[in-house]
Every structure is written in structure tokens, then in C-alpha cells.
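Next comes structure-v5.cif, a file with mmCIF, C-alpha atoms.
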```cif
data_upload
loop_
_atom_site.label_atom_id
_atom_site.label_comp_id
_atom_site.auth_asym_id
_atom_site.auth_seq_id
_atom_site.Cartn_x
_atom_site.Cartn_y
_atom_site.Cartn_z
CA MET A 1 -31.61 -4.34 45.62
CA ASP A 2 -29.99 -7.71 46.23
CA ILE A 3 -26.63 -7.53 48.00
CA ASP A 4 -24.95 -9.74 45.40
CA ASN A 5 -26.09 -7.45 42.57
CA LEU A 6 -24.93 -4.46 44.60
CA LEU A 7 -21.53 -6.10 45.09
CA ASN A 8 -21.20 -6.78 41.35
CA LYS A 9 -22.08 -3.18 40.69
CA TYR A 10 -19.51 -2.07 43.30
CA PHE A 11 -16.67 -4.10 41.76
CA GLU A 12 -17.57 -2.70 38.33
CA GLY A 13 -17.28 0.77 39.83
CA GLU A 14 -20.86 1.78 39.14
CA THR A 15 -22.23 2.22 42.69
CA SER A 16 -23.42 5.54 43.99
CA LEU A 17 -22.29 6.96 47.38
CA GLU A 18 -25.59 5.96 48.89
CA GLU A 19 -25.22 2.37 47.61
CA GLU A 20 -21.68 2.16 48.99
CA ARG A 21 -22.95 3.39 52.36
CA MET A 22 -25.58 0.63 52.25
CA LEU A 23 -22.89 -1.93 51.47
CA ARG A 24 -20.75 -0.79 54.41
CA ALA A 25 -23.77 -0.92 56.71
CA CYS A 26 -24.57 -4.39 55.47
CA PHE A 27 -21.08 -5.71 56.06
CA ASN A 28 -21.07 -4.24 59.57
CA GLN A 29 -23.79 -6.68 60.59
CA GLU A 30 -22.92 -9.66 62.75
CA ASN A 31 -24.88 -12.36 60.87
CA LEU A 32 -23.33 -12.25 57.44
CA PRO A 33 -23.93 -15.11 54.96
CA GLU A 34 -20.90 -17.37 54.71
CA HIS A 35 -19.98 -16.38 51.13
CA LEU A 36 -19.86 -12.71 52.07
CA LYS A 37 -17.67 -13.07 55.18
CA GLU A 38 -14.45 -13.06 53.16
CA LEU A 39 -15.39 -9.63 51.77
CA LYS A 40 -16.13 -8.15 55.20
CA SER A 41 -12.56 -6.97 55.76
CA ILE A 42 -12.69 -4.80 52.60
CA PHE A 43 -15.75 -2.88 53.71
CA THR A 44 -14.81 -2.60 57.40
CA TYR A 45 -11.42 -1.26 56.24
CA ILE A 46 -13.20 1.31 54.11
CA GLU A 47 -15.46 2.19 57.04
CA ASP A 48 -12.41 2.57 59.32
CA GLU A 49 -10.77 4.75 56.72
CA ARG A 50 -13.90 6.87 56.47
CA ILE A 51 -13.92 7.35 60.24
CA ALA A 52 -10.21 8.23 60.13
CA LEU A 53 -10.79 10.74 57.32
CA GLU A 54 -13.64 12.35 59.24
CA ALA A 55 -11.46 12.65 62.29
CA LEU A 56 -8.70 14.18 60.18
CA LYS A 57 -11.17 16.63 58.67
CA GLU A 58 -12.27 17.66 62.16
CA ILE A 59 -8.66 18.27 63.13
CA THR A 60 -8.03 20.27 59.96
CA ASP A 61 -11.14 22.34 60.57
CA ALA A 62 -10.10 22.95 64.15
CA SER A 63 -6.51 23.95 63.34
CA PRO A 64 -7.15 27.67 62.53
CA SER A 65 -8.45 28.24 66.05
CA SER A 66 -5.44 26.49 67.57
CA ILE A 67 -3.17 28.65 65.43
CA LYS A 68 -5.08 31.64 66.71
CA THR A 69 -4.47 30.54 70.30
CA THR A 70 -0.75 30.08 69.68
CA LYS A 71 -0.57 33.47 68.01
CA ARG A 72 -2.44 35.03 70.92
CA LYS A 73 -0.04 33.42 73.36
CA LEU A 74 2.87 34.74 71.34
CA THR A 75 1.37 38.23 71.29
CA LEU A 76 0.77 38.03 75.04
CA SER A 77 4.31 36.94 75.81
CA ARG A 78 5.67 39.75 73.60
CA THR A 79 3.46 42.28 75.39
CA PHE A 80 4.66 40.91 78.70
CA PHE A 81 8.30 41.15 77.60
CA ILE A 82 7.87 44.72 76.37
CA SER A 83 6.19 45.59 79.69
CA ILE A 84 9.20 44.24 81.56
CA VAL A 85 11.56 46.27 79.38
CA ALA A 86 9.45 49.40 79.89
CA ALA A 87 9.40 48.87 83.66
CA ALA A 88 13.17 48.37 83.70
CA SER A 89 13.60 51.58 81.68
CA ILE A 90 11.46 53.55 84.13
CA ILE A 91 13.44 52.20 87.08
CA ALA A 92 16.74 53.02 85.35
CA LEU A 93 15.55 56.56 84.55
CA PHE A 94 14.38 57.00 88.12
CA PHE A 95 17.83 56.03 89.38
CA LEU A 96 19.55 58.25 86.85
CA PHE A 97 17.58 61.36 87.66
CA SER A 98 16.71 60.71 91.29
CA PRO A 99 17.43 64.01 93.04
CA GLY A 100 17.77 62.56 96.52
CA LYS A 101 20.72 60.32 95.80
CA SER A 102 23.18 62.64 94.18
CA ASN A 103 26.50 63.36 95.81
CA SER A 104 25.92 67.08 95.46
CA ASN A 105 22.18 67.49 95.62
CA ALA A 106 22.03 70.32 98.13
CA SER A 107 21.32 73.82 96.92
CA GLU A 108 21.87 75.50 100.27
CA SER A 109 24.32 75.32 103.13
CA TYR A 110 23.33 73.89 106.47
CA ALA A 111 24.69 71.93 109.39
CA TRP A 112 23.36 69.35 111.80
CA ILE A 113 24.88 69.68 115.23
CA ASN A 114 23.83 67.11 117.85
CA GLY A 115 20.63 66.40 115.97
CA LYS A 116 19.72 70.09 115.49
CA ARG A 117 19.69 71.85 112.16
CA ILE A 118 21.57 75.10 111.84
CA SER A 119 21.37 77.49 108.93
CA ASN A 120 23.38 80.43 110.26
CA LYS A 121 26.13 80.94 107.70
CA GLU A 122 28.80 82.06 110.15
CA GLU A 123 28.23 79.09 112.40
CA ILE A 124 28.19 76.67 109.47
CA LYS A 125 31.45 78.12 108.18
CA MET A 126 33.00 77.74 111.62
CA PHE A 127 32.01 74.06 111.81
CA ALA A 128 33.28 73.47 108.28
CA GLU A 129 36.66 74.95 109.20
CA LYS A 130 36.72 72.83 112.32
CA SER A 131 36.15 69.67 110.26
CA LEU A 132 38.97 70.67 107.95
CA GLU A 133 41.22 71.18 110.95
CA ASN A 134 40.32 67.69 112.13
CA VAL A 135 41.57 66.03 108.96
CA SER A 136 44.66 68.20 108.52
CA SER A 137 47.85 66.78 109.84
CA THR A 138 51.14 68.36 110.71
CA GLU A 139 52.65 64.99 111.37
CA ASN A 140 55.00 63.91 108.66
CA ILE A 141 54.59 60.14 108.66
CA PHE A 142 57.66 59.60 106.47
CA VAL A 143 59.97 61.60 108.76
CA GLU A 144 58.39 60.01 111.82
CA GLN A 145 58.92 56.46 110.53
CA VAL A 146 62.44 57.07 109.20
CA SER A 147 63.51 58.69 112.44
CA SER A 148 62.07 55.80 114.42
CA ILE A 149 64.10 53.36 112.25
CA PHE A 150 67.26 55.38 112.91
CA GLU A 151 66.48 55.42 116.60
CA GLU A 152 66.10 51.63 116.56
CA ASN A 153 69.48 51.24 114.75
CA ILE A 154 71.24 53.52 117.21
CA GLY A 155 69.73 51.51 120.04
CA GLU A 156 71.11 48.26 118.52
CA GLU A 157 74.60 49.73 118.16
CA MET B 1 8.98 36.97 57.18
CA ARG B 2 6.83 37.45 60.26
CA LYS B 3 9.23 35.37 62.31
CA THR B 4 12.13 37.59 61.23
CA LYS B 5 10.20 40.68 62.35
CA GLU B 6 9.45 39.09 65.72
CA THR B 7 13.09 38.09 66.20
CA SER B 8 14.16 41.62 65.34
CA CYS B 9 11.66 43.03 67.87
CA TYR B 10 12.97 40.70 70.59
CA LYS B 11 16.54 41.68 69.79
CA LYS B 12 15.66 45.36 70.12
CA CYS B 13 13.92 44.74 73.44
CA ILE B 14 16.88 42.78 74.79
CA ALA B 15 19.28 45.54 73.67
CA LEU B 16 17.11 48.14 75.44
CA LEU B 17 16.99 46.01 78.58
CA VAL B 18 20.77 45.58 78.58
CA MET B 19 21.23 49.35 78.13
CA CYS B 20 18.91 49.99 81.07
CA LEU B 21 20.86 47.58 83.24
CA ILE B 22 24.15 49.18 82.24
CA ALA B 23 22.74 52.64 83.00
CA SER B 24 21.60 51.46 86.44
CA ALA B 25 24.95 49.83 87.13
CA THR B 26 26.81 52.98 86.07
CA PHE B 27 24.62 55.07 88.31
CA ALA B 28 25.15 52.69 91.23
CA GLN B 29 28.90 53.03 90.68
CA LYS B 30 28.72 56.80 90.81
CA GLN B 31 27.11 56.63 94.23
CA LEU B 32 29.74 56.68 96.89
CA ALA B 33 29.59 54.25 99.77
CA ILE B 34 30.44 57.03 102.25
CA ASN B 35 27.07 58.64 101.46
CA LYS B 36 25.53 56.03 103.73
CA ILE B 37 27.56 57.35 106.64
CA PHE B 38 26.30 60.90 106.09
CA GLU B 39 22.73 59.73 105.68
CA LYS B 40 22.78 57.41 108.67
CA TYR B 41 24.71 59.39 111.26
CA GLY B 42 24.55 63.00 110.04
CA LYS B 43 21.46 63.99 112.00
CA GLN B 44 22.19 61.93 115.10
CA LYS B 45 23.10 63.34 118.47
CA GLY B 46 26.85 63.51 118.98
CA SER B 47 27.47 64.06 115.26
CA THR B 48 28.33 67.25 113.42
CA MET B 49 27.44 67.33 109.76
CA VAL B 50 28.12 70.30 107.54
CA VAL B 51 26.86 70.69 104.00
CA LEU B 52 28.08 73.62 101.93
CA SER B 53 27.01 74.31 98.41
CA ASP B 54 26.57 78.05 98.01
CA ASP B 55 28.82 81.08 97.63
CA VAL B 56 30.57 80.35 100.92
CA ILE B 57 32.78 77.76 99.25
CA LYS B 58 33.19 79.37 95.84
CA THR B 59 36.26 81.20 97.16
CA TYR B 60 37.90 77.81 97.65
CA ARG B 61 36.99 76.80 94.09
CA LEU B 62 34.60 74.24 95.49
CA ASP B 63 31.07 73.47 94.32
CA PHE B 64 30.09 71.11 97.07
CA TYR B 65 31.43 70.24 100.48
CA LYS B 66 30.12 68.00 103.19
CA SER B 67 31.72 66.76 106.34
CA ILE B 68 30.78 64.68 109.31
CA THR B 69 32.50 64.38 112.67
CA LEU B 70 31.21 61.59 114.85
CA PRO B 71 32.17 59.49 117.87
CA TYR B 72 34.23 56.59 116.64
CA ASP B 73 32.87 53.45 118.28
CA LYS B 74 33.34 49.91 117.00
CA LYS B 75 30.16 49.73 114.92
CA ARG B 76 30.74 53.07 113.21
CA SER B 77 34.39 52.25 112.75
CA GLU B 78 33.52 49.10 110.82
CA GLU B 79 30.98 50.89 108.66
CA ILE B 80 33.30 53.77 107.82
CA GLN B 81 36.24 51.49 107.13
CA GLN B 82 34.12 49.34 104.83
CA SER B 83 32.81 52.40 102.97
CA LEU B 84 36.31 53.75 102.50
CA GLU B 85 37.49 50.39 101.23
CA VAL B 86 34.70 50.41 98.65
CA ASP B 87 35.24 54.00 97.51
CA LYS B 88 38.99 53.85 97.34
CA LYS B 89 38.73 51.15 94.69
CA GLN B 90 37.77 53.85 92.22
CA ALA B 91 40.26 56.45 93.50
CA LYS B 92 43.03 57.53 91.17
CA LYS B 93 45.25 58.86 93.99
CA ILE B 94 45.45 57.39 97.47
CA LYS B 95 47.41 58.55 100.47
CA GLU B 96 46.65 56.83 103.73
CA VAL B 97 48.02 55.87 107.09
CA ILE B 98 47.04 52.36 108.07
CA SER B 99 47.81 50.83 111.42
CA ASN B 100 46.80 47.27 112.37
CA GLY B 101 44.68 47.13 109.24
CA ILE B 102 42.70 50.25 110.22
CA ILE B 103 42.77 53.39 108.11
CA TYR B 104 43.72 56.20 110.50
CA SER B 105 43.91 58.89 107.90
CA GLY B 106 43.13 58.84 104.22
CA TYR B 107 43.19 61.10 101.22
CA TYR B 108 41.49 59.85 98.09
CA GLN B 109 41.20 61.63 94.78
CA LEU B 110 38.37 60.19 92.75
CA PRO B 111 38.06 60.25 88.98
CA THR B 112 36.45 63.41 87.63
CA GLU B 113 32.69 63.23 87.25
CA ASN B 114 30.31 65.35 85.15
CA LYS B 115 31.51 68.85 84.19
CA LEU B 116 35.07 67.69 84.89
CA LYS B 117 34.82 68.22 88.64
CA ASN B 118 37.57 67.01 90.91
CA ARG B 119 36.30 64.89 93.76
CA TYR B 120 38.01 64.11 97.03
CA ILE B 121 37.42 62.10 100.17
CA LEU B 122 39.33 62.97 103.31
CA PHE B 123 39.24 60.97 106.50
CA LYS B 124 40.95 61.02 109.84
CA ILE B 125 40.54 59.45 113.26
CA SER B 126 41.40 61.97 115.94
CA ASP B 127 42.99 61.33 119.32
CA ASN B 128 39.74 62.17 121.12
CA ALA B 129 38.04 59.07 119.65
CA THR B 130 36.18 60.96 116.97
CA ALA B 131 36.42 60.51 113.24
CA THR B 132 36.00 63.12 110.55
CA LEU B 133 34.95 62.29 107.03
CA ILE B 134 34.89 64.91 104.28
CA TYR B 135 33.66 64.77 100.70
CA MET B 136 34.28 67.72 98.38
CA GLU B 137 34.04 68.42 94.69
CA GLY B 138 34.91 71.33 92.45
CA ASP B 139 37.73 72.80 90.40
CA ILE B 140 40.06 72.70 93.38
CA GLU B 141 43.33 70.89 92.71
CA SER B 142 44.98 68.48 95.11
CA GLU B 143 47.81 70.97 95.90
CA GLU B 144 45.22 73.57 96.84
CA ILE B 145 43.62 71.11 99.25
CA VAL B 146 46.97 70.46 100.90
CA ASN B 147 47.47 74.24 101.26
CA LEU B 148 43.97 74.61 102.62
CA LEU B 149 44.53 71.94 105.23
CA PHE B 150 47.97 73.19 106.18
CA MET B 151 46.64 76.74 106.46
CA LYS B 152 43.88 75.56 108.79
CA LYS B 153 46.34 73.75 111.01
CA LYS B 154 48.70 76.72 111.14
CA LYS B 155 45.91 78.97 112.42
#
```
Spell out the structure here as C-alpha cells.
Amino acid sequence: MDIDNLLNKYFEGETSLEEERMLRACFNQENLPEHLKELKSIFTYIEDERIALEALKEITDASPSSIKTTKRKLTLSRTFFISIVAAASIIALFFLFSPGKSNSNASESYAWINGKRISNKEEIKMFAEKSLENVSSTENIFVEQVSSIFEENIGEE
Amino acid sequence: MRKTKETSCYKKCIALLVMCLIASATFAQKQLAINKIFEKYGKQKGSTMVVLSDDVIKTYRLDFYKSITLPYDKKRSEEIQQSLEVDKKQAKKIKEVISNGIIYSGYYQLPTENKLKNRYILFKISDNATATLIYMEGDIESEEIVNLLFMKKKK
């Protein structure tokens, strides 16, 4: 079909998709007749738009997979976060119920004297009493300090 | 809707994490700094460590007793003084003799722990360059400890 007839048909809105494709291909050529050059911009614009629409369609088609990836990442980060919380819980529980760290964990009496362990009850009791004697004090600090103040005053007089 | 669920899940996780941290911190607080002294020097030569936790001490209304007597050199002195400084922050009663910034003798009553036990730390530097550190817990009252100590000295 002649290009001029095809153009008339196009402007009357009677062209098929195939005919429009032919028109676009025709106007994409370098050596266009002079009277058709002014129409070139219309058909190259349409061609550009077609390319743009195809690109958009590709993006739209691709979007579900990208959503999937994001969702997967989100799920992963949540799993990671929960793992951290679980690990922290285990550590906290370990600290709370750790038998070796309690202030009063021993269930028996024993003593270590010069690097040697003793379990004889009488001996242990003796060493315990000795340690109590060490911390006991017959000194009355208050009386001692007050009397020293009085002594100083008497000395000054 | 989904976002709300996720936010709620995160909030729960954060709450759990915070609770865990608080539990750990509370536990760390319960641990006394003087425990390090017992652990580090208790089994060394020159030290005497006594741990009592059976019927022997029930007569004194005590559940647990441990003491350590050790040579008081500069390094140990610093460690013990630091530990006492840490532990006495939580004490509800303090009686001490301090000279030149050094605790020469100390009596510390700590807040009651589980099962309403009374807890005490006693410390004294003796004239023979040794130091004695005692930790005890039980139903024993502070007056009873004073009597116990006085009785020992009288003997």
C-alpha cells in the first residue's frame, strides 16, 4: 500500500496495528521524501513512547520478584533479631542460674591452708574461730580518740 | 495490617531483650566484689581460706560463712580496698576505721537477699601485716555478731 494512502487511513483512525507498525518503520528511515519529513516527529514520538511503555511493562513484570527479595530480607533481619534476643536470653539465664558464681554455693565445709585443702571439721572450725578472732577488736576507737583529744588539750594547758 | 504485626513483634523482642539485660545487670549487682579476693587468693600459699556451710554454723544462726586471711602486701591491699569500696556502696550499715584513706577495719551490713538472709562483710588489717576478710549470711542479727566477736576475743 502507498504510504500516502496509509497516512490518510491513519489520520482517519482506520489503520490496523500492523499498518501502524509499518508506518513507524517507514518514518524511521533516513531518506524520507520531503513532504513526509514534517510528520516524522509524530511517528518517532510514538515509537519512543512504545519503547518507554515496553520498558515500563518490563519493570512492572519484574516488580513481584523485587518485592519478594525485600520481603525475604525483612524476614531474614527479623530472624536475625530474634536470634540475638534468644542468645541474650540464654546468656542472662546462664548468669542467673550459674552455680559457680553464687555467694553461698558451697554445700560442704572445707578450708584451704597454704594451698592445701582440709576437710577435717575440727580443724576447719578452729581456723574459722581464728579468723573471727582476727576481725574482732577490743579497741574502742571512740574512747581512744576522745582520750587522745583530752590528752592534747591537757598538753596545751 | 502486616506492618502493624511486624512492629508489634519487634516491640516484643525489644522488651524481652531489655528484660534480659536488666536480669543480667541485677545478677551482676548481687555478685560481691570481694568474691574475687576469695577466688584469686584463697588457694594460694600463705593464705587461709575457710568455707562453712553445714551444721557447724547452724548453732550461730548462719547459713554460710567464708573467711580469708592473707599477707597484706601492696598489690593485695589495693585489690581488697577497691573491692570493699565497691561492696560498701550497697551496704545499709557501715562501721569502719579509716586511716590515711585506708580501711583498717570495716563492718558492713548488706541488704537482705533471697529468703530474707542477713549478709555481712567484716574486714580487718592485723598488726602482723595480715588482713582478714569475712563474708557471712544467715538469720544472725548484727548484735549477735558483735557478741560473737567479743566472745572470741575474750577467750
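Ranking A:Asn114, A:Asn31, A:Asn120, A:Ser16 by their shortest atom-to-atom distance to chain B, with only C-alpha atoms included, puts A:Asn114 first.
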Practice problem: Apply the PyMOL selection byres ((chain B and resi 33-35) around 8) to the file shown and report the selected residues as a PyMOL selection string. | Solution: (chain A and resi 103) or (chain B and resi 31-32+36-39+80+83-84+86-87)
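Residues captured in this structure file are Glu20, Arg21, Met22, Leu23, Arg24, Ala25, Cys26, Phe27, Asn28, Leu39, Lys40, Ser41, Ile42, Phe43, Thr44, Tyr45, Glu49, Arg50, Ile51, Ala52, Leu53, Glu54 and Ala55 of chain A, according to the PyMOL selection byres ((chain A and resi 46-48) around 12).
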Exercise. To one decimal in Å, tell me the separation between CA of Leu17 in chain A and CA of Ala62 in chain A.
Key: 26.2 Å
Practice problem: Decode the PyMOL selection byres ((chain B and resi 76) around 12) for the given file into explicit residues and return them as a ChimeraX atom specification. | Solution: /B:34,36-38,40-41,47,69-75,77-83,125,129-133
Quiz prompt | All residues 12 Å or closer to Phe127 in chain A, all atoms listed in the file, same chain fewer than 4 positions away omitted, as JSON, numbers by chain | solution = {"A": [109, 110, 111, 112, 113, 118, 119, 120, 121, 122, 123, 131, 132, 133, 134], "B": [47, 48, 49, 50, 51, 52, 65, 66, 67, 68, 69, 132]}
Quiz item: Just how far from CA of Ser105 in chain B is CA of Lys124 in chain B, in Å to one decimal?
Solution: 4.1 Å
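Of the listed residues (B:Asn118, B:Gln90, B:Ser99, B:Ser53), B:Asn118 comes nearest to Glu144 in chain B; the distances count only C-alpha atoms.
Picture a line from CA of Leu110 in chain B to CA of Glu108 in chain A; it runs 23.7 Å.
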Padding of 6 Å on every side, edges along x, y and z, all listed atoms of range 93-106 of chain B included: what centre and edge lengths in Å, to one decimal, does that box have, as JSON?
```
{"center_x": 45.4, "center_y": 53.0, "center_z": 103.2, "size_x": 17.3, "size_y": 23.8, "size_z": 30.4}
```
